[in-house]
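Text of the file work-v9.tsv, holding TSV, C-alpha atoms:
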chain	number	residue	atom	x	y	z
F	6	MET	CA	0.00	0.00	0.00
F	7	LEU	CA	1.34	3.43	-0.93
F	8	THR	CA	1.97	5.99	1.78
F	9	TYR	CA	2.19	9.78	1.80
F	10	ALA	CA	3.62	10.05	5.34
F	11	GLN	CA	1.00	12.66	6.21
F	12	PHE	CA	-1.72	12.79	8.85
F	13	CYS	CA	-4.06	14.62	6.42
F	14	PRO	CA	-7.41	12.77	6.12
F	15	VAL	CA	-7.28	13.07	2.32
F	16	ALA	CA	-3.85	11.46	2.30
F	17	LYS	CA	-5.03	8.63	4.57
F	18	ALA	CA	-8.08	7.97	2.38
F	19	ALA	CA	-5.86	8.01	-0.72
F	20	GLU	CA	-3.52	5.47	0.86
F	21	VAL	CA	-6.43	3.05	1.12
F	22	PHE	CA	-8.15	3.87	-2.15
F	23	GLY	CA	-5.39	5.12	-4.43
F	24	ASP	CA	-3.37	2.02	-5.30
F	25	ARG	CA	-3.67	0.75	-8.86
F	26	TRP	CA	-6.69	-1.57	-9.28
F	27	THR	CA	-8.19	-0.66	-5.90
F	28	PRO	CA	-10.84	1.71	-7.36
F	29	ILE	CA	-11.82	-1.01	-9.86
F	30	ILE	CA	-12.10	-3.59	-7.08
F	31	MET	CA	-14.17	-1.18	-5.00
F	32	ARG	CA	-16.40	-0.47	-8.02
F	33	GLU	CA	-17.18	-4.17	-8.33
F	34	LEU	CA	-17.79	-4.63	-4.62
F	35	CYS	CA	-20.18	-1.67	-4.67
F	36	PHE	CA	-22.12	-3.41	-7.46
F	37	GLY	CA	-22.39	-6.60	-5.42
F	38	THR	CA	-19.61	-8.73	-6.90
F	39	ARG	CA	-18.44	-11.06	-4.13
F	40	GLY	CA	-16.36	-13.91	-5.54
F	41	PHE	CA	-12.65	-13.92	-6.38
F	42	GLY	CA	-13.31	-15.30	-9.86
F	43	GLU	CA	-15.96	-12.66	-10.55
F	44	LEU	CA	-13.52	-9.92	-9.56
F	45	LEU	CA	-10.97	-11.37	-11.97
F	46	ASP	CA	-13.56	-11.44	-14.75
F	47	ALA	CA	-14.45	-7.81	-14.14
F	48	ALA	CA	-10.78	-6.73	-14.22
F	49	PRO	CA	-9.17	-9.07	-16.78
F	50	LEU	CA	-5.76	-7.35	-16.76
F	51	ILE	CA	-5.17	-7.80	-13.04
F	52	SER	CA	-3.17	-10.83	-11.94
F	53	ARG	CA	-4.43	-13.23	-9.30
F	54	THR	CA	-1.47	-12.29	-7.08
F	55	VAL	CA	-2.17	-8.55	-7.24
F	56	LEU	CA	-5.90	-9.07	-6.68
F	57	ALA	CA	-5.24	-11.22	-3.61
F	58	GLN	CA	-2.80	-8.60	-2.32
F	59	ARG	CA	-5.25	-5.71	-2.81
F	60	LEU	CA	-8.07	-7.63	-1.10
F	61	LYS	CA	-5.81	-8.42	1.86
F	62	GLN	CA	-4.84	-4.73	2.13
F	63	LEU	CA	-8.47	-3.62	2.02
F	64	ALA	CA	-9.34	-6.11	4.76
F	65	GLU	CA	-6.45	-4.88	6.91
F	66	ALA	CA	-7.69	-1.30	6.42
F	67	GLY	CA	-11.13	-2.35	7.65
F	68	VAL	CA	-12.79	-1.71	4.27
F	69	ILE	CA	-13.95	-5.25	3.42
F	70	TYR	CA	-14.87	-8.47	5.16
F	71	ILE	CA	-13.34	-11.71	3.92
F	72	GLU	CA	-15.55	-14.72	4.64
F	73	ALA	CA	-15.21	-18.40	3.81
F	74	LYS	CA	-17.74	-19.69	1.30
F	75	PRO	CA	-20.58	-21.65	2.92
F	76	LYS	CA	-19.81	-24.53	0.53
F	77	GLY	CA	-16.59	-25.47	-1.21
F	78	LYS	CA	-13.25	-23.70	-1.20
F	79	GLY	CA	-12.54	-20.01	-1.51
F	80	HIS	CA	-13.78	-16.80	0.04
F	81	LEU	CA	-16.43	-14.14	-0.42
F	82	TYR	CA	-15.82	-10.42	-0.10
F	83	ARG	CA	-18.18	-7.66	0.98
F	84	LEU	CA	-17.93	-4.08	2.15
F	85	THR	CA	-17.76	-3.09	5.81
F	86	PRO	CA	-19.46	0.13	6.96
F	87	ALA	CA	-16.13	1.87	6.26
F	88	GLY	CA	-16.16	0.37	2.77
F	89	GLU	CA	-19.75	1.49	2.19
F	90	ASP	CA	-18.63	5.04	2.88
F	91	PHE	CA	-16.47	4.81	-0.26
F	92	ARG	CA	-19.61	4.21	-2.37
F	93	PRO	CA	-20.37	7.94	-2.96
F	94	LEU	CA	-16.75	8.40	-4.08
F	95	VAL	CA	-17.08	5.57	-6.62
F	96	GLU	CA	-20.35	7.07	-7.88
F	97	LEU	CA	-18.78	10.54	-8.20
F	98	MET	CA	-15.88	9.08	-10.16
F	99	SER	CA	-18.42	7.51	-12.52
F	100	VAL	CA	-20.20	10.84	-12.97
F	101	TRP	CA	-16.90	12.62	-13.64
F	102	GLY	CA	-15.82	9.95	-16.13
F	103	GLN	CA	-19.11	10.18	-18.03
F	104	ARG	CA	-18.95	13.97	-18.13
F	105	TRP	CA	-15.24	14.62	-18.69
F	106	GLY	CA	-13.56	11.32	-19.50
F	107	GLN	CA	-15.29	10.26	-22.72
F	108	GLY	CA	-12.69	12.00	-24.89
F	109	LEU	CA	-9.97	9.95	-23.19
F	110	ILE	CA	-11.37	6.64	-24.49
F	111	GLY	CA	-9.23	5.31	-27.34
F	112	PRO	CA	-9.63	2.30	-29.65
F	113	ASP	CA	-7.51	0.11	-27.39
F	114	ASP	CA	-9.90	0.79	-24.49
F	115	LEU	CA	-12.76	-0.93	-26.31
F	116	ASP	CA	-13.22	-4.34	-24.73
F	117	PRO	CA	-16.34	-6.46	-25.31
F	118	LYS	CA	-15.77	-8.34	-22.07
F	119	MET	CA	-15.77	-5.16	-20.03
F	120	LEU	CA	-18.83	-3.93	-21.92
F	121	VAL	CA	-20.82	-7.09	-21.24
F	122	TRP	CA	-19.87	-7.02	-17.58
F	123	GLY	CA	-20.88	-3.35	-17.49
F	124	ILE	CA	-24.27	-4.26	-18.94
F	125	ARG	CA	-24.60	-7.01	-16.35
F	126	ARG	CA	-24.00	-4.46	-13.59
F	127	GLN	CA	-26.62	-2.03	-14.86
F	128	ILE	CA	-29.41	-4.60	-15.11
F	129	ASP	CA	-31.82	-4.39	-12.21
F	130	PRO	CA	-32.56	-7.96	-11.00
F	131	ALA	CA	-35.92	-6.78	-9.67
F	132	GLU	CA	-37.01	-6.06	-13.26
F	133	ILE	CA	-36.12	-9.50	-14.61
F	134	PRO	CA	-39.25	-11.56	-15.33
F	135	THR	CA	-39.87	-14.75	-13.39
F	136	GLN	CA	-39.11	-16.79	-16.50
F	137	SER	CA	-35.44	-16.30	-17.35
F	138	PHE	CA	-34.34	-15.23	-20.81
F	139	VAL	CA	-31.12	-15.16	-22.83
F	140	LEU	CA	-29.36	-12.32	-24.66
F	141	ARG	CA	-26.70	-12.90	-27.30
F	142	PHE	CA	-24.30	-10.14	-28.27
F	143	ASP	CA	-22.66	-10.05	-31.71
F	144	PHE	CA	-19.98	-7.34	-31.67
F	145	ARG	CA	-18.32	-5.86	-34.74
F	146	GLY	CA	-15.28	-3.58	-34.76
F	147	ILE	CA	-13.28	-5.31	-32.02
F	148	PRO	CA	-9.72	-3.86	-31.99
F	149	LYS	CA	-7.12	-6.20	-33.46
F	150	SER	CA	-5.12	-5.91	-30.25
F	151	ASN	CA	-8.04	-7.39	-28.30
F	152	ARG	CA	-8.47	-11.14	-28.58
F	153	SER	CA	-11.86	-11.25	-26.93
F	154	PRO	CA	-14.47	-13.34	-28.74
F	155	ARG	CA	-17.13	-11.73	-30.89
F	156	TYR	CA	-20.09	-13.55	-29.35
F	157	TRP	CA	-21.23	-13.26	-25.74
F	158	TRP	CA	-24.33	-14.42	-23.87
F	159	LEU	CA	-26.16	-13.12	-20.82
F	160	VAL	CA	-28.56	-15.45	-19.02
F	161	LEU	CA	-30.93	-13.31	-16.99
F	162	ARG	CA	-32.61	-14.87	-13.97
F	163	PRO	CA	-34.15	-13.05	-11.00
F	164	GLU	CA	-31.64	-14.70	-8.66
F	165	ASP	CA	-28.58	-14.45	-10.90
F	166	ILE	CA	-27.21	-12.89	-14.11
F	167	GLU	CA	-24.64	-15.11	-15.80
F	168	VAL	CA	-22.06	-14.05	-18.40
F	169	CYS	CA	-21.29	-16.90	-20.83
F	170	LEU	CA	-18.63	-17.44	-23.47
F	171	LYS	CA	-20.47	-20.45	-24.88
F	172	ALA	CA	-24.07	-20.76	-25.97
F	173	PRO	CA	-26.25	-21.77	-23.01
F	174	ALA	CA	-28.46	-24.84	-23.27
F	175	ARG	CA	-31.63	-22.91	-24.02
F	176	THR	CA	-33.12	-20.78	-26.80
F	177	VAL	CA	-31.74	-17.28	-27.30
F	178	ASP	CA	-34.52	-14.72	-26.87
F	179	ILE	CA	-32.77	-11.56	-28.09
F	180	VAL	CA	-29.74	-11.06	-30.33
F	181	ILE	CA	-27.99	-7.69	-30.11
F	182	ALA	CA	-25.76	-7.05	-33.15
F	183	ALA	CA	-23.66	-3.94	-32.63
F	184	ASP	CA	-20.57	-2.02	-33.57
F	185	LEU	CA	-18.52	-2.15	-30.37
F	186	ALA	CA	-17.72	1.58	-30.28
F	187	ALA	CA	-21.32	2.57	-31.04
F	188	PHE	CA	-22.75	0.28	-28.39
F	189	ARG	CA	-20.23	1.53	-25.84
F	190	ARG	CA	-21.52	5.07	-26.43
F	191	CYS	CA	-25.14	4.09	-25.78
F	192	GLY	CA	-24.52	1.33	-23.25
F	193	SER	CA	-24.06	3.49	-20.18
F	194	ALA	CA	-26.58	2.99	-17.43
F	195	THR	CA	-27.16	6.73	-17.21
F	196	SER	CA	-27.21	7.56	-20.93
F	197	VAL	CA	-30.14	7.61	-23.30
F	198	LEU	CA	-30.05	4.92	-25.94
F	199	GLN	CA	-29.64	6.53	-29.35
F	200	PRO	CA	-32.73	6.76	-31.60
F	201	ARG	CA	-30.94	4.60	-34.18
F	202	LEU	CA	-31.55	1.59	-31.97
F	203	ARG	CA	-33.96	-0.70	-33.81
F	204	VAL	CA	-35.73	-3.91	-32.90
F	205	GLU	CA	-36.16	-6.43	-35.71
F	206	ARG	CA	-38.31	-9.51	-35.06
F	207	SER	CA	-38.61	-12.64	-37.15
F	208	PRO	CA	-41.96	-14.51	-37.52
F	209	CYS	CA	-41.60	-17.14	-34.82
F	210	LYS	CA	-43.74	-17.98	-31.83
F	211	GLY	CA	-42.64	-16.87	-28.41
F	212	HIS	CA	-43.35	-14.72	-25.37
F	213	ARG	CA	-44.42	-11.22	-26.32
F	214	GLY	CA	-42.58	-8.27	-24.79
F	215	GLN	CA	-39.11	-9.75	-24.32
F	216	SER	CA	-37.39	-6.84	-26.08
F	217	ARG	CA	-39.21	-4.31	-23.97
F	218	ARG	CA	-38.41	-6.32	-20.85
F	219	TYR	CA	-34.73	-6.10	-21.73
F	220	ALA	CA	-35.08	-2.37	-22.32
F	221	ALA	CA	-36.79	-2.02	-18.94
F	222	CYS	CA	-34.43	-4.10	-16.84
F	223	SER	CA	-31.34	-2.49	-18.41
F	224	ARG	CA	-32.84	0.98	-17.91
F	225	PHE	CA	-32.98	1.60	-21.66
F	226	PRO	CA	-35.91	3.76	-22.86
F	227	THR	CA	-38.90	2.38	-24.76
F	228	SER	CA	-40.32	3.69	-28.03
F	229	ARG	CA	-42.20	6.50	-26.27
F	230	SER	CA	-38.94	8.22	-25.35
F	231	SER	CA	-37.61	8.23	-28.92
F	232	ARG	CA	-40.69	9.35	-30.86
F	233	ALA	CA	-39.51	12.94	-30.84
F	234	SER	CA	-36.67	11.90	-33.13
F	235	ASP	CA	-38.87	10.08	-35.65
F	236	SER	CA	-38.89	13.11	-37.93
F	237	GLN	CA	-35.10	13.08	-38.24
F	238	PRO	CA	-33.52	11.56	-41.35
F	239	SER	CA	-33.15	7.83	-40.96
F	240	SER	CA	-29.76	6.12	-40.96
F	241	PRO	CA	-28.59	2.52	-40.65
F	242	PRO	CA	-28.90	1.27	-37.10
F	243	ALA	CA	-25.71	1.29	-35.05
F	244	VAL	CA	-27.25	-1.30	-32.76
F	245	LEU	CA	-29.76	-3.92	-33.87
F	246	LEU	CA	-31.95	-5.87	-31.49
F	247	HIS	CA	-33.23	-9.07	-33.08
F	248	ASN	CA	-35.88	-10.94	-31.12
F	249	SER	CA	-36.20	-14.51	-32.36
F	250	ASN	CA	-39.62	-14.91	-30.79
F	251	LEU	CA	-41.58	-11.96	-32.17
F	252	PRO	CA	-42.89	-10.82	-35.59
F	253	GLY	CA	-42.74	-7.33	-37.08
F	254	ASN	CA	-40.53	-4.30	-36.42
F	255	LEU	CA	-40.43	-1.83	-33.58
F	256	SER	CA	-38.27	1.22	-32.92
F	257	LEU	CA	-37.18	1.76	-29.37

Since I need it in another form, could you write the structure as structure tokens?
Amino acid sequence: MLTYAQFCPVAKAAEVFGDRWTPIIMRELCFGTRGFGELLDAAPLISRTVLAQRLKQLAEAGVIYIEAKPKGKGHLYRLTPAGEDFRPLVELMSVWGQRWGQGLIGPDDLDPKMLVWGIRRQIDPAEIPTQSFVLRFDFRGIPKSNRSPRYWWLVLRPEDIEVCLKAPARTVDIVIAADLAAFRRCGSATSVLQPRLRVERSPCKGHRGQSRRYAACSRFPTSRSSRASDSQPSSPPAVLLHNSNLPGNLSL
């Protein structure tokens, strides 16, 4: 842990929070991530050794609890009251990044894995229907330096949201085909999805409303919020939602 050798409260808080990867770890813990493997997935460039070291330091600083898993090996991590007091700081960093940091994002920062995990974080489990459903992402424009796969799946259940690298053993309800950079711009939990978002549905039987359920649980707006832009010249969709269960077309 870094040290400033000062008694200043700002310096002491920075000693706890300011090490590399610590803000990212705290971000995940604030969103409810609890397992070591989940933390690794959310920060793919961190090594297991560094992650273990940072978690140990946070526990020693009284910021997190480390608890043995009820079943099996390993530990679970959660915030202490002192850790919860870092939550407003994490939220303010997010606000600053959305307002002032967008111009700092370069091509090499585009990572489909981070984007999918970001989407997972912004989905409200309370909005997920009782019957689970599956999203498949088909990303274009992945930087050559990034070896992440093109296809990703999210299995949404009220009790759990699972990120998958392989097709789950059930029918895909919604396919989202997107340019990675375009979807990153409209994928923020606090941003408004661009009017160019379109829903295309093929004539198959299924449960009506799945696309709108996804829009609701991911805090994306429905068609009512984008009607004001209907008079604007049309352009090819940057993001395409394809629902394999529903007929017709609908603009969100």

Residues of stretch 19-66 of chain F at most 12 Å from stretch 149-168 of chain F: nearest atom pair and distance in Å, only C-alpha atoms, as a Markdown table:
| residue | atom | partner | partner_atom | distance |
| --- | --- | --- | --- | --- |
| F:Gly37 | CA | F:Asp165 | CA | 11.4 |
| F:Thr38 | CA | F:Ile166 | CA | 11.3 |
| F:Glu43 | CA | F:Val168 | CA | 10.0 |
| F:Asp46 | CA | F:Val168 | CA | 9.6 |
| F:Ala47 | CA | F:Val168 | CA | 10.7 |
| F:Pro49 | CA | F:Ser153 | CA | 10.7 |
| F:Leu50 | CA | F:Asn151 | CA | 11.8 |

Put a box with edges along x, y and z around all the listed atoms of stretch 143-158 of chain F, pad it by 5 Å on each side, then give me its centre and sizes in Å, one decimal, as AutoDock Vina command-line options.
--center_x -14.7 --center_y -9.0 --center_z -29.3 --size_x 29.2 --size_y 20.8 --size_z 20.9

Next item on the list: Work out how far atom CA of F:Ala182 is from atom CA of F:Val139, in Å to one decimal.
Entry: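 So the two atoms, atom CA of F:Val139 and atom CA of F:Ala182, lie 14.2 Å apart.
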
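Across the model, the gap from atom CA of F:Phe22 to atom CA of F:Phe91 is 8.6 Å.
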
From the set F:Leu115, F:Ala57, F:Val15, F:Met6, which residue has the shortest atom-to-atom contact distance to F:Ile30, counting only C-alpha atoms?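 Between F:Leu115, F:Ala57, F:Val15, F:Met6, the residue approaching F:Ile30 most closely is F:Ala57.
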
Of F:Ala64, F:Ala48, F:Leu170, F:Val177, the one nearest to F:Gly123 when counting all atoms listed in the file is F:Ala48

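Counting from atom CA of F:Leu185, the distance to atom CA of F:Trp105 is 20.7 Å.
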
With distances taken over only C-alpha atoms, the candidate from F:Phe188, F:Tyr82, F:Phe142, F:Tyr9 nearest F:Met31 is F:Tyr82

Write only C-alpha atoms for stretch 63-111 of chain F from the block just shown, as an mmCIF file, in the first residue's frame.
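Saved to result.cif:
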data_model
loop_
_atom_site.group_PDB
_atom_site.id
_atom_site.type_symbol
_atom_site.label_atom_id
_atom_site.label_comp_id
_atom_site.auth_asym_id
_atom_site.auth_seq_id
_atom_site.Cartn_x
_atom_site.Cartn_y
_atom_site.Cartn_z
ATOM 1 C CA LEU F 63 -8.471 -3.622 2.021
ATOM 2 C CA ALA F 64 -9.338 -6.109 4.758
ATOM 3 C CA GLU F 65 -6.447 -4.877 6.906
ATOM 4 C CA ALA F 66 -7.692 -1.304 6.422
ATOM 5 C CA GLY F 67 -11.135 -2.351 7.647
ATOM 6 C CA VAL F 68 -12.791 -1.707 4.274
ATOM 7 C CA ILE F 69 -13.947 -5.245 3.424
ATOM 8 C CA TYR F 70 -14.873 -8.468 5.163
ATOM 9 C CA ILE F 71 -13.344 -11.714 3.925
ATOM 10 C CA GLU F 72 -15.547 -14.716 4.641
ATOM 11 C CA ALA F 73 -15.211 -18.398 3.814
ATOM 12 C CA LYS F 74 -17.739 -19.687 1.300
ATOM 13 C CA PRO F 75 -20.580 -21.654 2.915
ATOM 14 C CA LYS F 76 -19.806 -24.529 0.534
ATOM 15 C CA GLY F 77 -16.588 -25.468 -1.207
ATOM 16 C CA LYS F 78 -13.249 -23.699 -1.201
ATOM 17 C CA GLY F 79 -12.537 -20.011 -1.510
ATOM 18 C CA HIS F 80 -13.781 -16.803 0.039
ATOM 19 C CA LEU F 81 -16.426 -14.144 -0.424
ATOM 20 C CA TYR F 82 -15.820 -10.419 -0.097
ATOM 21 C CA ARG F 83 -18.179 -7.662 0.982
ATOM 22 C CA LEU F 84 -17.933 -4.082 2.153
ATOM 23 C CA THR F 85 -17.760 -3.094 5.811
ATOM 24 C CA PRO F 86 -19.457 0.132 6.963
ATOM 25 C CA ALA F 87 -16.126 1.873 6.257
ATOM 26 C CA GLY F 88 -16.158 0.374 2.772
ATOM 27 C CA GLU F 89 -19.749 1.490 2.191
ATOM 28 C CA ASP F 90 -18.625 5.035 2.884
ATOM 29 C CA PHE F 91 -16.471 4.811 -0.264
ATOM 30 C CA ARG F 92 -19.613 4.214 -2.367
ATOM 31 C CA PRO F 93 -20.373 7.942 -2.960
ATOM 32 C CA LEU F 94 -16.753 8.397 -4.082
ATOM 33 C CA VAL F 95 -17.082 5.574 -6.622
ATOM 34 C CA GLU F 96 -20.352 7.073 -7.881
ATOM 35 C CA LEU F 97 -18.784 10.537 -8.195
ATOM 36 C CA MET F 98 -15.881 9.075 -10.160
ATOM 37 C CA SER F 99 -18.415 7.507 -12.519
ATOM 38 C CA VAL F 100 -20.195 10.842 -12.975
ATOM 39 C CA TRP F 101 -16.897 12.615 -13.640
ATOM 40 C CA GLY F 102 -15.823 9.952 -16.125
ATOM 41 C CA GLN F 103 -19.108 10.182 -18.025
ATOM 42 C CA ARG F 104 -18.950 13.969 -18.132
ATOM 43 C CA TRP F 105 -15.244 14.620 -18.691
ATOM 44 C CA GLY F 106 -13.560 11.317 -19.498
ATOM 45 C CA GLN F 107 -15.290 10.260 -22.723
ATOM 46 C CA GLY F 108 -12.688 11.997 -24.886
ATOM 47 C CA LEU F 109 -9.967 9.951 -23.195
ATOM 48 C CA ILE F 110 -11.374 6.641 -24.488
ATOM 49 C CA GLY F 111 -9.227 5.306 -27.341
#
